[in-house]
file input_13.cif (mmCIF, C-alpha atoms)
data_entry
loop_
_atom_site.label_atom_id
_atom_site.label_comp_id
_atom_site.auth_asym_id
_atom_site.auth_seq_id
_atom_site.Cartn_x
_atom_site.Cartn_y
_atom_site.Cartn_z
CA VAL A 28 -20.15 -26.02 -9.03
CA SER A 29 -18.19 -26.66 -5.85
CA VAL A 30 -14.42 -26.93 -5.88
CA GLN A 31 -14.76 -30.50 -4.62
CA ARG A 32 -16.87 -31.45 -7.65
CA LYS A 33 -14.47 -29.62 -9.95
CA ALA A 34 -11.54 -31.46 -8.41
CA ALA A 35 -13.27 -34.79 -8.90
CA SER A 36 -13.95 -34.03 -12.54
CA VAL A 37 -10.55 -32.59 -13.43
CA GLN A 38 -9.59 -35.64 -15.46
CA ARG A 39 -12.63 -35.18 -17.72
CA LYS A 40 -11.70 -31.65 -18.75
CA PRO A 41 -9.84 -30.85 -21.98
CA SER A 42 -6.10 -30.49 -21.51
CA ILE A 43 -4.56 -27.13 -20.73
CA ARG A 44 -2.52 -27.39 -23.92
CA SER A 45 -5.67 -27.69 -26.06
CA ARG A 46 -7.28 -24.76 -24.26
CA PHE A 47 -4.19 -22.65 -24.87
CA ILE A 48 -4.58 -23.31 -28.59
CA ALA A 49 -8.31 -22.58 -28.50
CA GLU A 50 -7.80 -19.27 -26.71
CA SER A 51 -4.85 -18.10 -28.77
CA SER A 52 -6.85 -17.44 -31.94
CA ARG A 53 -6.73 -13.77 -30.92
CA ASP A 54 -3.48 -12.20 -29.85
CA ILE A 55 -3.39 -11.14 -26.18
CA ARG A 56 -2.84 -7.55 -27.33
CA ASP A 57 -6.00 -7.67 -29.40
CA ARG A 58 -8.00 -8.08 -26.20
CA TYR A 59 -5.89 -6.22 -23.63
CA ASP A 60 -3.87 -3.03 -23.53
CA LEU A 61 -0.69 -3.99 -21.69
CA GLU A 62 1.28 -1.25 -19.97
CA LYS A 63 4.85 -0.97 -21.20
CA VAL A 64 6.51 -1.13 -17.78
CA ALA A 65 6.22 -4.45 -15.92
CA ILE A 66 4.83 -4.38 -12.38
CA GLY A 67 6.55 -7.64 -11.50
CA THR A 68 9.40 -9.83 -12.68
CA GLY A 69 10.87 -13.25 -12.04
CA GLY A 70 12.83 -16.06 -13.60
CA TYR A 71 9.78 -16.99 -15.68
CA GLY A 72 9.17 -13.58 -17.32
CA PHE A 73 7.15 -10.49 -16.41
CA VAL A 74 3.81 -9.33 -15.00
CA TYR A 75 2.01 -6.42 -16.65
CA ARG A 76 -0.97 -4.30 -15.70
CA ALA A 77 -3.53 -4.74 -18.48
CA THR A 78 -6.90 -3.23 -19.38
CA CYS A 79 -9.53 -5.26 -21.21
CA ARG A 80 -10.52 -3.38 -24.36
CA ASP A 81 -14.11 -4.63 -24.23
CA THR A 82 -14.99 -4.16 -20.55
CA LYS A 83 -12.28 -1.71 -19.39
CA ASP A 84 -11.66 -4.00 -16.41
CA VAL A 85 -8.06 -4.08 -15.18
CA PHE A 86 -6.09 -7.32 -14.73
CA ALA A 87 -2.58 -8.60 -14.19
CA VAL A 88 -1.13 -10.46 -17.18
CA LYS A 89 1.68 -12.86 -16.36
CA ALA A 90 3.83 -13.51 -19.43
CA VAL A 91 5.84 -16.74 -19.17
CA TRP A 92 8.69 -17.41 -21.60
CA LYS A 93 8.23 -20.88 -23.09
CA TYR A 94 11.94 -21.56 -23.32
CA LYS A 95 12.22 -21.08 -19.54
CA ILE A 96 9.57 -23.69 -18.77
CA LYS A 97 11.45 -26.78 -17.64
CA ASP A 98 8.37 -28.94 -17.14
CA MET A 99 5.30 -28.06 -19.19
CA PRO A 100 3.07 -30.71 -17.51
CA ASP A 101 3.80 -29.09 -14.13
CA LEU A 102 2.78 -25.69 -15.45
CA GLU A 103 -0.37 -27.21 -16.94
CA LYS A 104 -1.26 -28.74 -13.57
CA GLU A 105 -0.68 -25.42 -11.81
CA ILE A 106 -2.95 -23.62 -14.27
CA GLU A 107 -5.63 -26.31 -14.08
CA LEU A 108 -5.63 -26.13 -10.28
CA THR A 109 -5.64 -22.32 -10.17
CA ARG A 110 -8.54 -22.16 -12.64
CA MET A 111 -10.73 -24.10 -10.21
CA LEU A 112 -10.23 -21.79 -7.24
CA ASP A 113 -12.82 -19.20 -6.30
CA HIS A 114 -12.44 -17.61 -2.88
CA PRO A 115 -12.16 -13.99 -1.68
CA ASN A 116 -8.68 -14.65 -0.27
CA VAL A 117 -7.29 -16.54 -3.27
CA VAL A 118 -6.15 -14.83 -6.47
CA ARG A 119 -8.31 -15.72 -9.48
CA LEU A 120 -7.12 -16.90 -12.88
CA PHE A 121 -9.55 -15.72 -15.56
CA SER A 122 -8.08 -16.95 -18.84
CA THR A 123 -4.97 -18.18 -20.63
CA SER A 124 -3.46 -17.55 -24.03
CA GLN A 125 -0.22 -18.09 -25.91
CA ASP A 126 1.82 -17.13 -28.92
CA GLU A 127 4.98 -18.64 -30.36
CA LYS A 128 7.21 -17.41 -27.55
CA GLN A 129 5.09 -16.89 -24.45
CA ILE A 130 2.17 -18.18 -22.41
CA TYR A 131 -0.10 -15.53 -20.89
CA LEU A 132 -2.11 -15.86 -17.70
CA VAL A 133 -4.81 -13.25 -17.09
CA LEU A 134 -5.06 -12.90 -13.32
CA GLU A 135 -6.86 -10.82 -10.74
CA LEU A 136 -4.87 -7.63 -10.16
CA CYS A 137 -3.44 -7.10 -6.68
CA GLU A 138 -1.85 -3.66 -6.32
CA GLY A 139 -1.54 -3.37 -2.55
CA GLY A 140 1.87 -4.99 -2.26
CA GLU A 141 3.28 -8.01 -0.46
CA LEU A 142 2.25 -8.73 3.12
CA PHE A 143 5.44 -7.64 4.89
CA GLN A 144 6.02 -4.78 2.45
CA LYS A 145 2.63 -3.33 3.36
CA ILE A 146 3.33 -3.68 7.09
CA VAL A 147 6.66 -1.90 6.69
CA GLU A 148 4.97 0.92 4.77
CA ALA A 149 2.40 1.32 7.55
CA LYS A 150 5.33 1.79 10.01
CA LYS A 151 3.29 0.44 12.91
CA LEU A 152 1.33 -2.68 13.73
CA ALA A 153 -1.19 -3.72 16.37
CA GLU A 154 -2.00 -7.24 17.51
CA THR A 155 -5.59 -6.77 16.36
CA GLN A 156 -4.31 -6.06 12.84
CA VAL A 157 -2.23 -9.25 12.94
CA ALA A 158 -5.37 -11.16 13.97
CA THR A 159 -7.28 -9.71 11.01
CA ILE A 160 -4.46 -10.67 8.64
CA MET A 161 -4.19 -14.18 10.07
CA LYS A 162 -7.95 -14.65 9.73
CA GLN A 163 -7.65 -14.05 5.99
CA ILE A 164 -4.62 -16.31 5.67
CA LEU A 165 -6.37 -19.12 7.54
CA ARG A 166 -9.54 -18.69 5.49
CA SER A 167 -7.57 -19.22 2.29
CA ILE A 168 -5.96 -22.36 3.71
CA CYS A 169 -9.23 -23.68 5.11
CA TYR A 170 -10.71 -23.30 1.63
CA LEU A 171 -7.81 -25.11 -0.06
CA HIS A 172 -7.76 -27.94 2.45
CA GLY A 173 -11.51 -28.36 2.12
CA ALA A 174 -10.93 -28.86 -1.60
CA GLY A 175 -8.23 -31.47 -0.93
CA ILE A 176 -5.37 -29.14 -1.88
CA VAL A 177 -2.13 -28.51 0.03
CA HIS A 178 -0.27 -25.32 -0.95
CA ARG A 179 3.24 -26.24 0.31
CA ASP A 180 4.84 -22.83 -0.24
CA LEU A 181 3.18 -20.43 2.16
CA LYS A 182 5.35 -17.39 2.86
CA PRO A 183 4.79 -13.63 3.14
CA GLU A 184 5.77 -13.05 -0.49
CA ASN A 185 2.87 -15.23 -1.61
CA PHE A 186 0.25 -13.05 0.05
CA LEU A 187 -0.67 -9.82 -1.73
CA PHE A 188 -3.03 -7.07 -0.66
CA GLN A 189 -5.65 -6.24 -3.24
CA SER A 190 -5.75 -2.46 -3.03
CA LYS A 191 -3.45 0.52 -2.65
CA GLY A 192 -4.09 3.10 0.04
CA VAL A 193 -6.34 0.88 2.17
CA PRO A 194 -5.41 0.24 5.84
CA LEU A 195 -4.17 -3.22 6.75
CA GLU A 196 -7.26 -4.12 8.74
CA HIS A 197 -9.61 -3.22 5.87
CA ASN A 198 -7.61 -4.54 2.92
CA THR A 199 -8.27 -7.91 1.29
CA LEU A 200 -5.36 -10.35 1.31
CA LYS A 201 -4.90 -12.77 -1.60
CA LEU A 202 -2.94 -16.02 -1.72
CA ILE A 203 -0.94 -16.49 -4.93
CA ASP A 204 1.49 -18.95 -6.56
CA PHE A 205 0.27 -22.54 -6.74
CA GLY A 206 3.36 -23.95 -8.43
CA LEU A 207 3.99 -26.45 -5.61
CA SER A 208 0.35 -27.12 -4.72
CA LYS A 209 -1.01 -30.65 -4.91
CA PHE A 210 -4.30 -32.48 -4.63
CA LEU A 211 -3.95 -34.78 -1.65
CA ALA A 212 -6.24 -37.60 -0.59
CA GLU A 213 -7.02 -38.05 3.11
CA GLY A 214 -4.08 -39.80 4.75
CA GLU A 215 -1.84 -39.42 1.70
CA VAL A 216 1.66 -38.02 2.28
CA LEU A 217 4.11 -36.16 0.08
CA GLU A 218 7.81 -36.98 -0.03
CA ASN A 219 9.08 -33.94 -1.92
CA LEU A 220 11.18 -31.59 0.17
CA VAL A 221 10.27 -28.10 -0.97
CA GLY A 222 9.49 -24.73 0.51
CA SER A 223 11.31 -21.72 1.96
CA ALA A 224 13.42 -22.52 5.01
CA PRO A 225 11.84 -20.27 7.69
CA TYR A 226 8.40 -21.69 6.87
CA VAL A 227 9.18 -25.39 6.31
CA ALA A 228 7.51 -27.81 8.72
CA PRO A 229 9.55 -30.62 10.33
CA GLU A 230 7.57 -33.33 8.53
CA VAL A 231 8.50 -31.77 5.17
CA VAL A 232 12.15 -32.28 6.06
CA ALA A 233 11.27 -35.85 7.06
CA ARG A 234 9.66 -36.32 3.64
CA SER A 235 6.28 -37.29 5.04
CA SER A 236 4.05 -34.22 4.82
CA GLY A 237 0.39 -33.46 4.23
CA ARG A 238 -2.05 -30.64 4.83
CA PRO A 239 -0.70 -29.80 8.32
CA CYS A 240 2.52 -28.46 6.80
CA ASP A 241 0.55 -25.41 5.63
CA LEU A 242 -0.50 -24.66 9.21
CA TRP A 243 3.11 -24.71 10.36
CA SER A 244 3.88 -22.10 7.71
CA CYS A 245 0.94 -20.03 8.95
CA GLY A 246 2.41 -20.21 12.45
CA ALA A 247 5.80 -19.03 11.22
CA ILE A 248 4.22 -16.06 9.43
CA MET A 249 2.19 -15.16 12.52
CA TYR A 250 5.28 -15.44 14.73
CA MET A 251 7.19 -13.10 12.44
CA MET A 252 4.44 -10.48 12.41
CA LEU A 253 4.39 -10.42 16.22
CA SER A 254 8.17 -10.43 16.75
CA GLY A 255 9.86 -9.34 13.51
CA ALA A 256 11.96 -12.51 13.28
CA PRO A 257 11.49 -16.16 12.22
CA PRO A 258 10.61 -18.65 14.98
CA PHE A 259 13.79 -20.63 14.34
CA THR A 260 17.12 -19.34 13.09
CA GLY A 261 20.53 -20.78 12.32
CA MET A 262 23.75 -20.30 10.41
CA ASN A 263 22.27 -22.29 7.53
CA ASP A 264 19.05 -24.02 6.48
CA ARG A 265 20.15 -27.28 8.08
CA GLN A 266 20.33 -25.66 11.51
CA VAL A 267 16.94 -24.01 11.01
CA PHE A 268 15.33 -27.35 10.13
CA GLN A 269 16.90 -29.12 13.10
CA LYS A 270 15.80 -26.43 15.56
CA ALA A 271 12.27 -26.50 14.17
CA LYS A 272 12.16 -30.23 14.85
CA SER A 273 13.66 -30.23 18.33
CA GLU A 274 12.86 -26.87 19.93
CA LYS A 275 9.78 -24.93 20.99
CA PRO A 276 9.17 -21.42 19.65
CA ARG A 277 10.57 -18.77 21.98
CA LEU A 278 7.75 -16.54 23.22
CA ILE A 279 9.49 -14.56 25.95
CA GLY A 280 11.46 -11.33 26.03
CA ARG A 281 10.73 -7.63 25.68
CA LEU A 282 9.04 -7.84 22.28
CA TRP A 283 6.72 -10.61 23.47
CA GLU A 284 5.64 -8.96 26.75
CA PRO A 285 2.73 -6.97 25.23
CA VAL A 286 1.48 -9.92 23.16
CA SER A 287 -1.63 -11.62 24.55
CA GLU A 288 -1.51 -15.16 25.91
CA ALA A 289 -4.22 -16.11 23.41
CA ALA A 290 -1.91 -15.16 20.53
CA LYS A 291 0.98 -17.09 22.04
CA ASP A 292 -1.24 -20.13 22.54
CA LEU A 293 -2.29 -20.13 18.89
CA ILE A 294 1.36 -19.87 17.80
CA ARG A 295 2.21 -22.90 19.94
CA ARG A 296 -0.63 -24.88 18.38
CA LEU A 297 0.37 -23.88 14.85
CA LEU A 298 4.06 -24.58 15.45
CA ASP A 299 3.43 -27.97 17.06
CA ALA A 300 6.19 -30.23 15.72
CA ASP A 301 3.75 -33.15 15.59
CA PRO A 302 1.44 -32.68 12.58
CA ALA A 303 -1.08 -35.11 14.07
CA SER A 304 -1.78 -32.76 16.99
CA ARG A 305 -1.23 -29.48 15.13
CA ILE A 306 -4.33 -27.29 14.96
CA THR A 307 -6.27 -27.27 11.69
CA ALA A 308 -7.20 -24.13 9.77
CA GLU A 309 -10.87 -24.71 10.58
CA HIS A 310 -10.24 -24.95 14.32
CA ALA A 311 -7.81 -22.01 14.28
CA LEU A 312 -10.54 -19.84 12.77
CA GLU A 313 -12.73 -20.69 15.76
CA SER A 314 -10.20 -19.39 18.29
CA ASP A 315 -11.14 -16.31 20.32
CA TRP A 316 -7.96 -14.56 19.17
CA ILE A 317 -8.79 -14.91 15.48
CA LYS A 318 -12.35 -13.78 16.16
CA GLY A 319 -10.89 -10.60 17.66
CA GLU A 320 -12.19 -11.24 21.15
CA SER A 321 -8.83 -11.43 22.93
CA ALA A 322 -6.26 -9.64 20.76
CA ASP A 323 -4.59 -6.58 22.30
CA LYS A 324 -5.46 -3.31 20.54
CA ALA A 325 -2.27 -1.49 21.55
CA ALA A 326 0.47 -0.97 18.98
CA LEU A 327 3.30 -3.49 19.07
CA ASP A 328 6.91 -2.43 19.61
CA PRO A 329 8.14 -0.36 16.59
CA GLU A 330 11.26 -2.53 16.54
CA ILE A 331 9.13 -5.36 15.15
CA VAL A 332 8.39 -3.42 11.96
CA ARG A 333 12.06 -2.47 11.63
CA ASN A 334 13.03 -6.12 12.00
CA LEU A 335 10.50 -7.13 9.34
CA HIS A 336 11.96 -4.51 7.01
CA ARG A 337 15.47 -5.91 7.44
CA PHE A 338 14.30 -9.49 7.03
CA SER A 339 12.15 -8.89 3.95
CA SER A 340 14.89 -6.84 2.27
CA ALA A 341 17.40 -9.64 2.78
CA SER A 342 14.88 -12.25 1.60
CA ARG A 343 14.55 -10.63 -1.83
CA PHE A 344 17.93 -12.04 -2.80
CA LYS A 345 16.59 -15.57 -2.31
CA ARG A 346 13.09 -14.96 -3.55
CA THR A 347 13.31 -16.92 -6.82
CA ALA A 348 14.92 -19.97 -5.22
CA LEU A 349 12.97 -22.82 -3.64
CA ILE A 350 14.63 -24.69 -0.80
CA ALA A 351 15.22 -28.22 -2.06
CA VAL A 352 16.24 -29.96 1.13
CA ALA A 353 17.72 -32.88 -0.75
CA HIS A 354 20.47 -30.51 -1.84
CA GLN A 355 20.95 -29.09 1.65
CA LEU A 356 21.25 -32.32 3.63
CA ARG A 357 23.16 -35.51 3.15
CA GLU A 358 20.97 -38.59 2.82
CA ASP A 359 22.07 -39.89 6.23
CA GLU A 360 21.04 -36.57 7.82
CA VAL A 361 17.64 -36.77 6.16
CA GLU A 362 17.25 -40.34 7.43
CA THR A 363 18.10 -39.21 10.97
CA LEU A 364 15.46 -36.48 10.84
CA ARG A 365 12.93 -38.87 9.32
CA ALA A 366 13.54 -41.48 12.03
CA SER A 367 13.21 -38.85 14.76
CA PHE A 368 9.99 -37.57 13.24
CA ASN A 369 8.48 -41.03 12.78
CA ALA A 370 9.19 -41.87 16.43
CA MET A 371 6.43 -39.44 17.39
CA ASP A 372 3.85 -41.88 16.04
CA LYS A 373 5.02 -44.78 18.19
#
call {"tool": "encode", "arguments": {"input": "input_13.cif", "output": "structure tokens"}}
result
Amino acid sequence: VSVQRKAASVQRKPSIRSRFIAESSRDIRDRYDLEKVAIGTGGYGFVYRATCRDTKDVFAVKAVWKYKIKDMPDLEKEIELTRMLDHPNVVRLFSTSQDEKQIYLVLELCEGGELFQKIVEAKKLAETQVATIMKQILRSICYLHGAGIVHRDLKPENFLFQSKGVPLEHNTLKLIDFGLSKFLAEGEVLENLVGSAPYVAPEVVARSSGRPCDLWSCGAIMYMMLSGAPPFTGMNDRQVFQKAKSEKPRLIGRLWEPVSEAAKDLIRRLLDADPASRITAEHALESDWIKGESADKAALDPEIVRNLHRFSSASRFKRTALIAVAHQLREDEVETLRASFNAMDK
């Protein structure tokens, strides 16, 4: 069954809550052997490596503390959406369960590490490798958008490599975390201001965003892999948002000299401040650079990897926080940005 048909029939499915009850007749530990040491942690709980007792297959089990769930309907929607997804570059959710204290999500195991972490470990990076990574990122977004879903929280931490010990260009990249994802009808806009500052599109700040906001985030990630720094910086999030709205990405300087013009052109099209003219995931996948026909094979400047290391290390301190722009900007500042953004359509 296609994702589109699944999405259309989502209202006819039993509720997540009822499925939790149906699947919790057996304790999670009756079916899986969970390792004692967590492989991941967050404000919600822990992630454990687990082996199915029946099949010996290995999974990741995400254990969510119920008392930490502020909005159960939101979690139910996230699980319902994630259940429907089936793509090589999107993490799979296989089953759910619960007990009195926790909800358990049995997920596809990704042991290769986060995107930037893996690049730092490799200690070097070539433009062709960036093109291969971006192809996988764009494929995941093309799939979501084709299903009428906008992710809204694309960032390096939400892309995991599947396997350990496999080179970047041969490893499979998986998109995770659909907590902010929404089904979106054609032409519909979202007014929530969410995301992580370096990857937030101008229209998100203007509270009028749709699928194109994901492509902006893709552009920011691509820019960072080719330069080691975000496309727009500032003393605070407000300055970052304002620069993203009013400035063009800087693509000159020593670190950019070896980067092909085809790569720079794709960055410009992804970081187009006007979502109406921003390139789509489908069209980006058709570019010569993504197809590997024009990417430079030489290694990029080693300073880029060092910069990524510094940036990703600093980002860990903010990792659990989502940027709620309503708390960063006064209402009059938001209105100014919104008016400036809307003027593009006139």
call {"tool": "closest_residue", "arguments": {"input": "input_13.cif", "among": "A:Glu309, A:Asp54, A:Glu154, A:Asp301", "to": "Tyr131 in chain A", "atoms": "all atoms listed in the file"}}
result
A:Asp54
call {"tool": "closest_residue", "arguments": {"input": "input_13.cif", "among": "A:Leu187, A:Leu293, A:Ala228, A:Met251", "to": "Ser273 in chain A", "atoms": "all atoms listed in the file"}}
result
A:Ala228
call {"tool": "closest_atom_pairs", "arguments": {"input": "input_13.cif", "of": "range 162-254 of chain A", "to": "range 323-332 of chain A", "cutoff": "10 Å", "atoms": "all atoms listed in the file", "output": "tab-separated table"}}
result
residue	atom	partner	partner_atom	distance
A:Met251	CA	A:Ile331	CA	8.4
A:Met252	CA	A:Ile331	CA	7.5
A:Leu253	CA	A:Ile331	CA	7.0
A:Ser254	CA	A:Ile331	CA	5.4
call {"tool": "resolve_selection", "arguments": {"input": "input_13.cif", "expression": "the PyMOL selection byres ((chain A and resi 81) around 12)", "output": "list in words"}}
result
Asp57, Arg58, Tyr59, Asp60, Thr78, Cys79, Arg80, Thr82, Lys83, Asp84 and Val85 of chain A
call {"tool": "resolve_selection", "arguments": {"input": "input_13.cif", "expression": "the PyMOL selection byres ((chain A and resi 200) around 7)", "output": "PDB file with C-alpha atoms, in the coordinates of the input"}}
result
ATOM      1  CA  ASN A 116      -8.680 -14.650  -0.270  1.00  0.00           C
ATOM      2  CA  GLN A 163      -7.650 -14.050   5.990  1.00  0.00           C
ATOM      3  CA  PHE A 186       0.250 -13.050   0.050  1.00  0.00           C
ATOM      4  CA  LEU A 187      -0.670  -9.820  -1.730  1.00  0.00           C
ATOM      5  CA  PHE A 188      -3.030  -7.070  -0.660  1.00  0.00           C
ATOM      6  CA  GLN A 189      -5.650  -6.240  -3.240  1.00  0.00           C
ATOM      7  CA  ASN A 198      -7.610  -4.540   2.920  1.00  0.00           C
ATOM      8  CA  THR A 199      -8.270  -7.910   1.290  1.00  0.00           C
ATOM      9  CA  LYS A 201      -4.900 -12.770  -1.600  1.00  0.00           C
ATOM     10  CA  LEU A 202      -2.940 -16.020  -1.720  1.00  0.00           C
TER      11      LEU A 202
END
call {"tool": "residues_around", "arguments": {"input": "input_13.cif", "residues": "Lys275 in chain A", "least_positions_apart": "4", "cutoff": "10 Å", "atoms": "all atoms listed in the file", "output": "list in words"}}
result
Pro258, Phe259, Lys270, Ala271, Arg295, Leu298, Asp299 and Ala300 of chain A
call {"tool": "resolve_selection", "arguments": {"input": "input_13.cif", "expression": "the PyMOL selection byres ((chain A and resi 223-227) around 8)", "output": "PDB file with C-alpha atoms, in the coordinates of the input"}}
result
ATOM      1  CA  ASP A 180       4.840 -22.830  -0.240  1.00  0.00           C
ATOM      2  CA  LEU A 181       3.180 -20.430   2.160  1.00  0.00           C
ATOM      3  CA  LYS A 182       5.350 -17.390   2.860  1.00  0.00           C
ATOM      4  CA  VAL A 221      10.270 -28.100  -0.970  1.00  0.00           C
ATOM      5  CA  GLY A 222       9.490 -24.730   0.510  1.00  0.00           C
ATOM      6  CA  ALA A 228       7.510 -27.810   8.720  1.00  0.00           C
ATOM      7  CA  PRO A 229       9.550 -30.620  10.330  1.00  0.00           C
ATOM      8  CA  VAL A 231       8.500 -31.770   5.170  1.00  0.00           C
ATOM      9  CA  VAL A 232      12.150 -32.280   6.060  1.00  0.00           C
ATOM     10  CA  CYS A 240       2.520 -28.460   6.800  1.00  0.00           C
ATOM     11  CA  TRP A 243       3.110 -24.710  10.360  1.00  0.00           C
ATOM     12  CA  SER A 244       3.880 -22.100   7.710  1.00  0.00           C
ATOM     13  CA  CYS A 245       0.940 -20.030   8.950  1.00  0.00           C
ATOM     14  CA  ALA A 247       5.800 -19.030  11.220  1.00  0.00           C
ATOM     15  CA  ILE A 248       4.220 -16.060   9.430  1.00  0.00           C
ATOM     16  CA  PRO A 257      11.490 -16.160  12.220  1.00  0.00           C
ATOM     17  CA  PRO A 258      10.610 -18.650  14.980  1.00  0.00           C
ATOM     18  CA  PHE A 259      13.790 -20.630  14.340  1.00  0.00           C
ATOM     19  CA  THR A 260      17.120 -19.340  13.090  1.00  0.00           C
ATOM     20  CA  ASP A 264      19.050 -24.020   6.480  1.00  0.00           C
ATOM     21  CA  VAL A 267      16.940 -24.010  11.010  1.00  0.00           C
ATOM     22  CA  PHE A 268      15.330 -27.350  10.130  1.00  0.00           C
ATOM     23  CA  LEU A 349      12.970 -22.820  -3.640  1.00  0.00           C
ATOM     24  CA  ILE A 350      14.630 -24.690  -0.800  1.00  0.00           C
TER      25      ILE A 350
END
call {"tool": "residues_around", "arguments": {"input": "input_13.cif", "residues": "Glu313 in chain A", "least_positions_apart": "3", "cutoff": "12 Å", "atoms": "all atoms listed in the file", "output": "PyMOL selection string"}}
result
chain A and resi 162+165-166+169+293+306-310+316-320
call {"tool": "atom_distance", "arguments": {"input": "input_13.cif", "atom1": "CA of Glu62 in chain A", "atom2": "CA of Leu102 in chain A"}}
result
24.9 Å
call {"tool": "atom_distance", "arguments": {"input": "input_13.cif", "atom1": "CA of Ile160 in chain A", "atom2": "CA of Glu284 in chain A"}}
result
20.8 Å
call {"tool": "closest_residue", "arguments": {"input": "input_13.cif", "among": "A:Gly206, A:Met249, A:Leu171, A:Ala65", "to": "Asp98 in chain A", "atoms": "all atoms listed in the file"}}
result
A:Gly206
call {"tool": "atom_distance", "arguments": {"input": "input_13.cif", "atom1": "CA of Thr159 in chain A", "atom2": "CA of Leu278 in chain A"}}
result
20.5 Å
call {"tool": "closest_residue", "arguments": {"input": "input_13.cif", "among": "A:Ser287, A:Ser321, A:Ser208, A:Ser304", "to": "Pro239 in chain A", "atoms": "only C-alpha atoms"}}
result
A:Ser304
call {"tool": "residues_around", "arguments": {"input": "input_13.cif", "residues": "Leu195 in chain A", "least_positions_apart": "4", "cutoff": "12 Å", "atoms": "all atoms listed in the file", "output": "number ranges by chain"}}
result
A: 139-161, 163, 187-191, 199-200
call {"tool": "write_last_selection", "arguments": {"input": "input_13.cif", "atoms": "C-alpha atoms", "output": "compact mmCIF listing (two decimals), keeping the file's coordinate frame"}}
result
# COMPACT_ATOMS: atom_id res chain seq x y z
CA GLY A 139 -1.54 -3.37 -2.55
CA GLY A 140 1.87 -4.99 -2.26
CA GLU A 141 3.28 -8.01 -0.46
CA LEU A 142 2.25 -8.73 3.12
CA PHE A 143 5.44 -7.64 4.89
CA GLN A 144 6.02 -4.78 2.45
CA LYS A 145 2.63 -3.33 3.36
CA ILE A 146 3.33 -3.68 7.09
CA VAL A 147 6.66 -1.90 6.69
CA GLU A 148 4.97 0.92 4.77
CA ALA A 149 2.40 1.32 7.55
CA LYS A 150 5.33 1.79 10.01
CA LYS A 151 3.29 0.44 12.91
CA LEU A 152 1.33 -2.68 13.73
CA ALA A 153 -1.19 -3.72 16.37
CA GLU A 154 -2.00 -7.24 17.51
CA THR A 155 -5.59 -6.77 16.36
CA GLN A 156 -4.31 -6.06 12.84
CA VAL A 157 -2.23 -9.25 12.94
CA ALA A 158 -5.37 -11.16 13.97
CA THR A 159 -7.28 -9.71 11.01
CA ILE A 160 -4.46 -10.67 8.64
CA MET A 161 -4.19 -14.18 10.07
CA GLN A 163 -7.65 -14.05 5.99
CA LEU A 187 -0.67 -9.82 -1.73
CA PHE A 188 -3.03 -7.07 -0.66
CA GLN A 189 -5.65 -6.24 -3.24
CA SER A 190 -5.75 -2.46 -3.03
CA LYS A 191 -3.45 0.52 -2.65
CA THR A 199 -8.27 -7.91 1.29
CA LEU A 200 -5.36 -10.35 1.31
call {"tool": "build_atoms", "arguments": {"input": "input_13.cif", "residues": "range 57-68 of chain A", "atoms": "N, CA and C atoms", "output": "PDB file, keeping the file's coordinate frame"}}
result
ATOM      1  N   ASP A  57      -4.746  -8.033 -28.747  1.00  0.00           N
ATOM      2  CA  ASP A  57      -6.000  -7.670 -29.400  1.00  0.00           C
ATOM      3  C   ASP A  57      -7.118  -7.488 -28.378  1.00  0.00           C
ATOM      4  N   ARG A  58      -6.958  -8.129 -27.226  1.00  0.00           N
ATOM      5  CA  ARG A  58      -8.000  -8.080 -26.200  1.00  0.00           C
ATOM      6  C   ARG A  58      -7.642  -7.169 -25.028  1.00  0.00           C
ATOM      7  N   TYR A  59      -6.336  -6.996 -24.784  1.00  0.00           N
ATOM      8  CA  TYR A  59      -5.890  -6.220 -23.630  1.00  0.00           C
ATOM      9  C   TYR A  59      -4.854  -5.183 -24.042  1.00  0.00           C
ATOM     10  N   ASP A  60      -4.915  -4.036 -23.395  1.00  0.00           N
ATOM     11  CA  ASP A  60      -3.870  -3.030 -23.530  1.00  0.00           C
ATOM     12  C   ASP A  60      -2.894  -3.228 -22.385  1.00  0.00           C
ATOM     13  N   LEU A  61      -1.700  -3.730 -22.707  1.00  0.00           N
ATOM     14  CA  LEU A  61      -0.690  -3.990 -21.690  1.00  0.00           C
ATOM     15  C   LEU A  61       0.186  -2.753 -21.502  1.00  0.00           C
ATOM     16  N   GLU A  62       0.386  -2.374 -20.242  1.00  0.00           N
ATOM     17  CA  GLU A  62       1.280  -1.250 -19.970  1.00  0.00           C
ATOM     18  C   GLU A  62       2.711  -1.649 -20.305  1.00  0.00           C
ATOM     19  N   LYS A  63       3.505  -0.679 -20.717  1.00  0.00           N
ATOM     20  CA  LYS A  63       4.850  -0.970 -21.200  1.00  0.00           C
ATOM     21  C   LYS A  63       5.801  -1.395 -20.076  1.00  0.00           C
ATOM     22  N   VAL A  64       5.611  -0.827 -18.902  1.00  0.00           N
ATOM     23  CA  VAL A  64       6.510  -1.130 -17.780  1.00  0.00           C
ATOM     24  C   VAL A  64       5.911  -2.254 -16.935  1.00  0.00           C
ATOM     25  N   ALA A  65       6.690  -3.307 -16.711  1.00  0.00           N
ATOM     26  CA  ALA A  65       6.220  -4.450 -15.920  1.00  0.00           C
ATOM     27  C   ALA A  65       6.052  -4.052 -14.457  1.00  0.00           C
ATOM     28  N   ILE A  66       5.046  -4.628 -13.810  1.00  0.00           N
ATOM     29  CA  ILE A  66       4.830  -4.380 -12.380  1.00  0.00           C
ATOM     30  C   ILE A  66       5.434  -5.498 -11.533  1.00  0.00           C
ATOM     31  N   GLY A  67       5.923  -6.536 -12.195  1.00  0.00           N
ATOM     32  CA  GLY A  67       6.550  -7.640 -11.500  1.00  0.00           C
ATOM     33  C   GLY A  67       7.472  -8.395 -12.431  1.00  0.00           C
ATOM     34  N   THR A  68       8.465  -9.067 -11.859  1.00  0.00           N
ATOM     35  CA  THR A  68       9.400  -9.830 -12.680  1.00  0.00           C
ATOM     36  C   THR A  68       9.863 -11.056 -11.918  1.00  0.00           C
TER      37      THR A  68
END
